[in-house]
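A.B. asks: Next up is a structure, given as C-alpha cells.
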Amino acid sequence: MKRVLVTGAGGFIGHHLVGYLKKKNYWVRGADLKYPEYEPSVADDFALLDLRRWENCLKATDGIDEVYALAADMGGMGFISAHHAEILRNNSLINIHTLDAARENGATRYLYTSSACVYPEYRQTDANVTALKESDAYPAQPQDAYGWEKLVTERLCTHFREDYGLETRIVRFHNIFGPLGTWDGGREKAPAALCRKVSIAKLSGNHEIEIWGDGEQTRSFCYIEDCVDGIYRLMRSDCREPLNLGQDRLVTINELADIVAAVAGIKITRKHVPGPQGVRGRNSDNTRLREVLGWEPRISLEEGFKRTYAWIDSQVRAAQRRGASVTLEKPSIAGRRASAS
C-alpha cells in the first residue's frame with residue numbers, strides 16, 4: 001500500500017483530499033497544527049505538527065512515498081490584506097522545510113498547491129478579464145506576499161526536480177469552495193461569507209447583505225469535489241509544469257450573491273461597503289488542463305452552491321440554537337485590496 005502525506009490536513013481542501021485518497025486505498029498520514037474542525041479525519045495517522053519547524057517536517061515525511069503539500073497560513077481577502085509578513089514568513093518556512101524533508105526521506109513524488117494569486121496584477125485590472133494561461137505568470141508581479149511566496153515555491157519545486165530528481169507537480173487553484181470549510185471568524189472566503197450572510201438574512205427576515213466594494217469584481221469558482229479529483233489526476237500525470245485548476249465560468253460577486261440567494265429561496269438587497277476587493281477580474285484558462293488531463297471540472301456553480309449553502313445554513317442554525325454569536329468577517333484595512341485564491 002502506497003503511503004502518502006497530506007499537509008494541511010486539518011484544513012478545508014486537505015481534509016477533503018484525505019477522504020478522497022482513503023477511498024483510493026492509500027495509507028494516509030495527515031499533518032497540521034489542528035484537527036479538522038467540522039468532522040473527524042479518516043487519516044490512518046494524524047500528526048499534530050508545526051510544519052514551520054524542520055524537525056517536524058522530517059517526522060511528517062518519515063516513511064512517506066508521496067507528498068500532497070497543502071499546508072499554508074491563509075484566509076480570505078480581509079486576512080491576506082493585513083498579514084503580509086506573517087504569511088510570507090510562515091508559508092516560506094512550511095514549504096522549504098517540507099520539500100527538503102521529503103527529499104531527505106526519499107519521497108518519490110511531491111505535489112505543491114499553488115494559487116491563481118501568482119498571476120500579475122497588471123493582467124487583472126478589468127472585470128471582463130482575459131482568462132489567465134499558465135504562461136501569463138511571467139513577467140512576475142503578484143499582488144501580495146501570499147502570491148509572491150507561492151510563485152517562489154513553484155520555482156523551488158521545479159529546481160528540486162531538475163537538481164535532485166524529485167518528481168514535482170504544481171497546481172494553481174482558482175477559488176475552491178464547498179462544505180466543511182471556514183465560514184465565519186475572519187478567515188473565510190467570499191463563497192462561504194456570502195452563504196453565511198444569506199443564511200442570516202433569511203433567518204432574521206432582514207434581506208439586506210453587505211458586499212465589499214461595488215460587487216462588479218469578477219472571479220471563477222470551483223467546487224471541492226472537482227478540486228480533489230483534479231489534484232489526484234495531476235499527481236498521477238506526467239505534467240511537470242504548473243497547471244490551472246478551476247472553473248472557467250466568469251461571474252461578478254453581485255451575481256454570486258444572487259445565485260446564493262436563489263438557492264436559499266429569497267431575494268436580497270445588496271449594500272455595498274468599503275472593504276478589500278482583490279484584483280478587478282480573474283478567470284482560469286483551462287486549455288492546458290483539458291489537454292494534459294483530458295478532463296475539467298464538471299460540477300456547476302449552482303449545484304456547488306446548493307450543497308455548500310445547505311451545509312453553512314445548518315451551521316448558522318446550529319450556532320443560533322446554541323445561543324452562540326456568529327462572528328462576521330470585517331475588513332482589516334477599509335478599502336484596501338487583497339488577493340483571493
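Lettering and numbering for the C-alpha cells are positional, with chains as A, B, ... in the shown order, residues counted from 1 in each chain, and ligands counted from 1 in the shown order.
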I need the residues of stretch 209-252 of chain A that end up classed as strand (DSSP E or B) by DSSP on the backbone, written out as a ChimeraX atom specification.
C.D. replies: /A:209-212,218-219,222-223,243-245,251-252
A.B. asks: Using only C-alpha atoms, what does the table of stretch 140-196 of chain A residues within 9 Å of stretch 259-264 of chain A look like, with each row giving the shortest atom pair and its distance in Å to one decimal, sorted by chain and ascending number, as a tab-separated table?
C.D. replies:
residue	atom	partner	partner_atom	distance
A:Pro191	CA	A:Val260	CA	8.7
A:Leu194	CA	A:Val260	CA	7.2
A:Cys195	CA	A:Val260	CA	6.3
A.B. asks: Need to verify the contact set: A:Val326, 9 Å, only C-alpha atoms, exclusion of same-chain residues closer than 3 positions in sequence. Can you return it as a count of residues only?
C.D. replies: 5
A.B. asks: Figure out the distance between atom CA of A:Ala60 and atom CA of A:Ser237, please, to one decimal in Å.
C.D. replies: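 Atom CA of A:Ser237 sits 24.4 Å away from atom CA of A:Ala60.
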A.B. asks: Looking at only C-alpha atoms, which of A:Lys271, A:Asp248, A:Tyr26, A:Glu188 is the one that sits closest to A:Glu210?
C.D. replies: A:Lys271
A.B. asks: How would you write, as a ChimeraX atom specification, the set of residues in stretch 90-293 of chain A that DSSP gives as helix (DSSP H, G or I)?
C.D. replies: /A:90-104,116-118,121-123,134-137,145-164,190-204,224-236,253-264,287-293
A.B. asks: When you draw a straight line from atom CA of A:Phe221 to atom CA of A:Val251, how long is it in Å?
C.D. replies: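 Taking atom CA of A:Phe221 as the start and atom CA of A:Val251 as the end point, the length is 8.6 Å.
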A.B. asks: Each residue of stretch 137-192 of chain A with at least one atom at most 10 Å from stretch 97-110 of chain A should appear once, together with its nearest atom pair and the corresponding distance in Å (one decimal); atoms considered: only C-alpha atoms; ordering: chain, then increasing residue number; output as a tab-separated table.
C.D. replies:
residue	atom	partner	partner_atom	distance
A:Thr153	CA	A:Leu99	CA	9.4
A:Leu156	CA	A:Leu99	CA	8.7
A:Cys157	CA	A:Leu99	CA	7.6
A:Phe160	CA	A:Leu99	CA	8.3
A:Arg161	CA	A:Arg109	CA	9.4
A:Tyr164	CA	A:Arg103	CA	7.8
A:Gly165	CA	A:Thr108	CA	8.3
A:Leu166	CA	A:Thr108	CA	5.7
A:Glu167	CA	A:Arg109	CA	4.7
A:Thr168	CA	A:Tyr110	CA	4.7
A:Arg169	CA	A:Tyr110	CA	6.2
A:Ile170	CA	A:Tyr110	CA	8.6
A.B. asks: Quick one: which stretch 228-324 of chain A residues come within 12 Å of stretch 38-54 of chain A, and what is the nearest atom pair for each with the distance in Å to one decimal, counting only C-alpha atoms, rows ordered by chain and ascending number, as JSON lines?
C.D. replies:
{"residue": "A:Trp311", "atom": "CA", "partner": "A:Tyr38", "partner_atom": "CA", "distance": 10.7}
{"residue": "A:Ile312", "atom": "CA", "partner": "A:Tyr38", "partner_atom": "CA", "distance": 11.1}
{"residue": "A:Ser314", "atom": "CA", "partner": "A:Tyr38", "partner_atom": "CA", "distance": 11.9}
{"residue": "A:Gln315", "atom": "CA", "partner": "A:Tyr38", "partner_atom": "CA", "distance": 9.6}
A.B. asks: Go ahead and write the residues just picked, N, CA, C and O atoms, as a short mmCIF file (atom, residue, chain, number, x, y, z; two decimals), in the first residue's frame.
C.D. replies:
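File written: again.cif
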data_model
loop_
_atom_site.label_atom_id
_atom_site.label_comp_id
_atom_site.auth_asym_id
_atom_site.auth_seq_id
_atom_site.Cartn_x
_atom_site.Cartn_y
_atom_site.Cartn_z
N TRP A 311 -25.03 23.27 3.82
CA TRP A 311 -24.16 22.95 4.95
C TRP A 311 -23.94 24.18 5.82
O TRP A 311 -24.05 24.11 7.06
N ILE A 312 -23.64 25.33 5.22
CA ILE A 312 -23.39 26.54 6.01
C ILE A 312 -24.65 27.00 6.73
O ILE A 312 -24.62 27.41 7.89
N SER A 314 -26.93 25.07 7.86
CA SER A 314 -27.07 24.18 9.03
C SER A 314 -26.13 24.61 10.16
O SER A 314 -26.48 24.51 11.34
N GLN A 315 -24.95 25.10 9.80
CA GLN A 315 -24.01 25.60 10.82
C GLN A 315 -24.53 26.86 11.50
O GLN A 315 -24.42 27.02 12.72
#
A.B. asks: For A:Val6, work out the shell of residues within 9 Å, counting only C-alpha atoms and skipping chain neighbours fewer than 4 positions away, then give it as an MDAnalysis selection string.
C.D. replies: chainID A and resid 14:15 17:18 28:32 66:71
A.B. asks: Can you write just those residues out, N, CA and C atoms, as a PDB file, in the first residue's frame?
C.D. replies:
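Output contents, as saved in again14.pdb:
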ATOM      1  N   GLY A  14      -7.432  20.059   2.353  1.00  0.00           N
ATOM      2  CA  GLY A  14      -6.670  18.923   2.833  1.00  0.00           C
ATOM      3  C   GLY A  14      -7.542  17.840   3.447  1.00  0.00           C
ATOM      4  N   HIS A  15      -8.555  18.241   4.209  1.00  0.00           N
ATOM      5  CA  HIS A  15      -9.467  17.273   4.824  1.00  0.00           C
ATOM      6  C   HIS A  15     -10.226  16.492   3.758  1.00  0.00           C
ATOM      7  N   LEU A  17      -9.256  16.004   0.709  1.00  0.00           N
ATOM      8  CA  LEU A  17      -8.298  15.188  -0.035  1.00  0.00           C
ATOM      9  C   LEU A  17      -7.959  13.898   0.721  1.00  0.00           C
ATOM     10  N   VAL A  18      -7.823  13.977   2.036  1.00  0.00           N
ATOM     11  CA  VAL A  18      -7.564  12.773   2.826  1.00  0.00           C
ATOM     12  C   VAL A  18      -8.669  11.740   2.584  1.00  0.00           C
ATOM     13  N   VAL A  28      -2.752   6.940   4.504  1.00  0.00           N
ATOM     14  CA  VAL A  28      -2.647   8.403   4.521  1.00  0.00           C
ATOM     15  C   VAL A  28      -2.264   8.908   5.907  1.00  0.00           C
ATOM     16  N   ARG A  29      -1.216   9.720   5.929  1.00  0.00           N
ATOM     17  CA  ARG A  29      -0.893  10.500   7.132  1.00  0.00           C
ATOM     18  C   ARG A  29      -1.309  11.948   6.888  1.00  0.00           C
ATOM     19  N   GLY A  30      -2.048  12.496   7.812  1.00  0.00           N
ATOM     20  CA  GLY A  30      -2.364  13.913   7.779  1.00  0.00           C
ATOM     21  C   GLY A  30      -1.453  14.644   8.744  1.00  0.00           C
ATOM     22  N   ALA A  31      -1.090  15.872   8.401  1.00  0.00           N
ATOM     23  CA  ALA A  31      -0.274  16.687   9.301  1.00  0.00           C
ATOM     24  C   ALA A  31      -0.795  18.112   9.289  1.00  0.00           C
ATOM     25  N   ASP A  32      -0.913  18.685  10.471  1.00  0.00           N
ATOM     26  CA  ASP A  32      -1.408  20.061  10.588  1.00  0.00           C
ATOM     27  C   ASP A  32      -1.224  20.520  12.027  1.00  0.00           C
ATOM     28  N   GLU A  66       4.756   9.623  -1.209  1.00  0.00           N
ATOM     29  CA  GLU A  66       4.299  10.795  -1.966  1.00  0.00           C
ATOM     30  C   GLU A  66       3.733  11.840  -1.013  1.00  0.00           C
ATOM     31  N   VAL A  67       3.951  13.106  -1.362  1.00  0.00           N
ATOM     32  CA  VAL A  67       3.502  14.215  -0.523  1.00  0.00           C
ATOM     33  C   VAL A  67       2.549  15.109  -1.304  1.00  0.00           C
ATOM     34  N   TYR A  68       1.407  15.413  -0.690  1.00  0.00           N
ATOM     35  CA  TYR A  68       0.497  16.435  -1.181  1.00  0.00           C
ATOM     36  C   TYR A  68       0.636  17.623  -0.233  1.00  0.00           C
ATOM     37  N   ALA A  69       1.289  18.677  -0.691  1.00  0.00           N
ATOM     38  CA  ALA A  69       1.638  19.800   0.181  1.00  0.00           C
ATOM     39  C   ALA A  69       0.581  20.893   0.097  1.00  0.00           C
ATOM     40  N   LEU A  70      -0.321  20.903   1.078  1.00  0.00           N
ATOM     41  CA  LEU A  70      -1.408  21.879   1.114  1.00  0.00           C
ATOM     42  C   LEU A  70      -1.307  22.849   2.279  1.00  0.00           C
ATOM     43  N   ALA A  71      -0.398  22.618   3.223  1.00  0.00           N
ATOM     44  CA  ALA A  71      -0.329  23.459   4.415  1.00  0.00           C
ATOM     45  C   ALA A  71       0.021  24.888   4.043  1.00  0.00           C
TER      46      ALA A  71
END
A.B. asks: Smallest atom-to-atom distance to A:Ala318: which of A:Leu88, A:Ile209, A:Ile200, A:Leu58, using only C-alpha atoms?
C.D. replies: A:Ile200
A.B. asks: With distances taken over only C-alpha atoms, which residue among A:Ile253, A:Val273, A:Leu93, A:Leu245 lies nearest A:Val228?
C.D. replies: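 For A:Val228, the nearest of the given residues is A:Leu245.
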A.B. asks: Which neighbours of stretch 144-151 of chain A fall inside 10 Å, counting only C-alpha atoms, when residues of the same chain fewer than 2 positions from it are skipped, and could you give them as a PyMOL selection string?
C.D. replies: chain A and resi 72-74+80-81+83-92+95+112-121+137-138+140-142+153-156+172+278+337-341
A.B. asks: Tell me which protein, DNA and RNA residues are within 10 Å of A:Asn206, counting only C-alpha atoms, leaving out same-chain ones fewer than 4 positions away, and put them as a ChimeraX atom specification.
C.D. replies: /A:198,200-202,268-269
A.B. asks: Print the selection's residues with N, CA, C and O atoms to a file, as a short mmCIF file (atom, residue, chain, number, x, y, z; two decimals), in the first residue's frame.
C.D. replies:
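Once written, part19.cif looks like this:
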data_model
loop_
_atom_site.label_atom_id
_atom_site.label_comp_id
_atom_site.auth_asym_id
_atom_site.auth_seq_id
_atom_site.Cartn_x
_atom_site.Cartn_y
_atom_site.Cartn_z
N VAL A 198 -26.33 35.27 3.59
CA VAL A 198 -27.68 34.99 3.08
C VAL A 198 -28.46 34.15 4.09
O VAL A 198 -29.66 34.37 4.31
N ILE A 200 -28.13 34.15 7.37
CA ILE A 200 -28.53 35.05 8.46
C ILE A 200 -29.66 35.97 8.01
O ILE A 200 -30.62 36.22 8.75
N ALA A 201 -29.57 36.44 6.77
CA ALA A 201 -30.63 37.31 6.23
C ALA A 201 -31.96 36.57 6.21
O ALA A 201 -33.01 37.13 6.58
N LYS A 202 -31.93 35.32 5.78
CA LYS A 202 -33.17 34.54 5.71
C LYS A 202 -33.74 34.30 7.11
O LYS A 202 -34.95 34.42 7.32
N ILE A 268 -32.59 39.30 -2.19
CA ILE A 268 -31.77 40.11 -1.30
C ILE A 268 -31.60 41.53 -1.84
O ILE A 268 -31.78 41.78 -3.04
N THR A 269 -31.24 42.42 -0.93
CA THR A 269 -30.82 43.77 -1.28
C THR A 269 -29.34 43.87 -0.96
O THR A 269 -28.92 43.52 0.15
#
A.B. asks: Can you tell me how far atom CA of A:Leu256 sits from atom CA of A:Ala324, in Å to one decimal?
C.D. replies: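 Atom CA of A:Ala324 lies at a distance of 27.3 Å from atom CA of A:Leu256.
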A.B. asks: Find, counting only C-alpha atoms, the residue in A:Asn25, A:Leu33, A:Gly78, A:Arg317 that gets nearest to A:Arg187.
C.D. replies: A:Gly78
A.B. asks: Could you check which of A:Cys227, A:Leu243, A:Ala193, A:Val152 is closest to A:Val171, using only C-alpha atoms?
C.D. replies: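 Under the stated criterion, the closest residue is A:Leu243.
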A.B. asks: Select, from A:His272, A:Lys197, A:Arg3, A:Lys133, the residue with the minimum atom-to-atom distance to A:Thr287, counting only C-alpha atoms.
C.D. replies: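 Of all the options, A:Lys133 lies closest to A:Thr287.
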A.B. asks: For A:Trp295, please output as a PyMOL selection string all residues within 12 Å (counting only C-alpha atoms; exclusion window: fewer than 2 positions along the same chain).
C.D. replies: chain A and resi 226-227+229-234+237+245-247+286-293+297-298
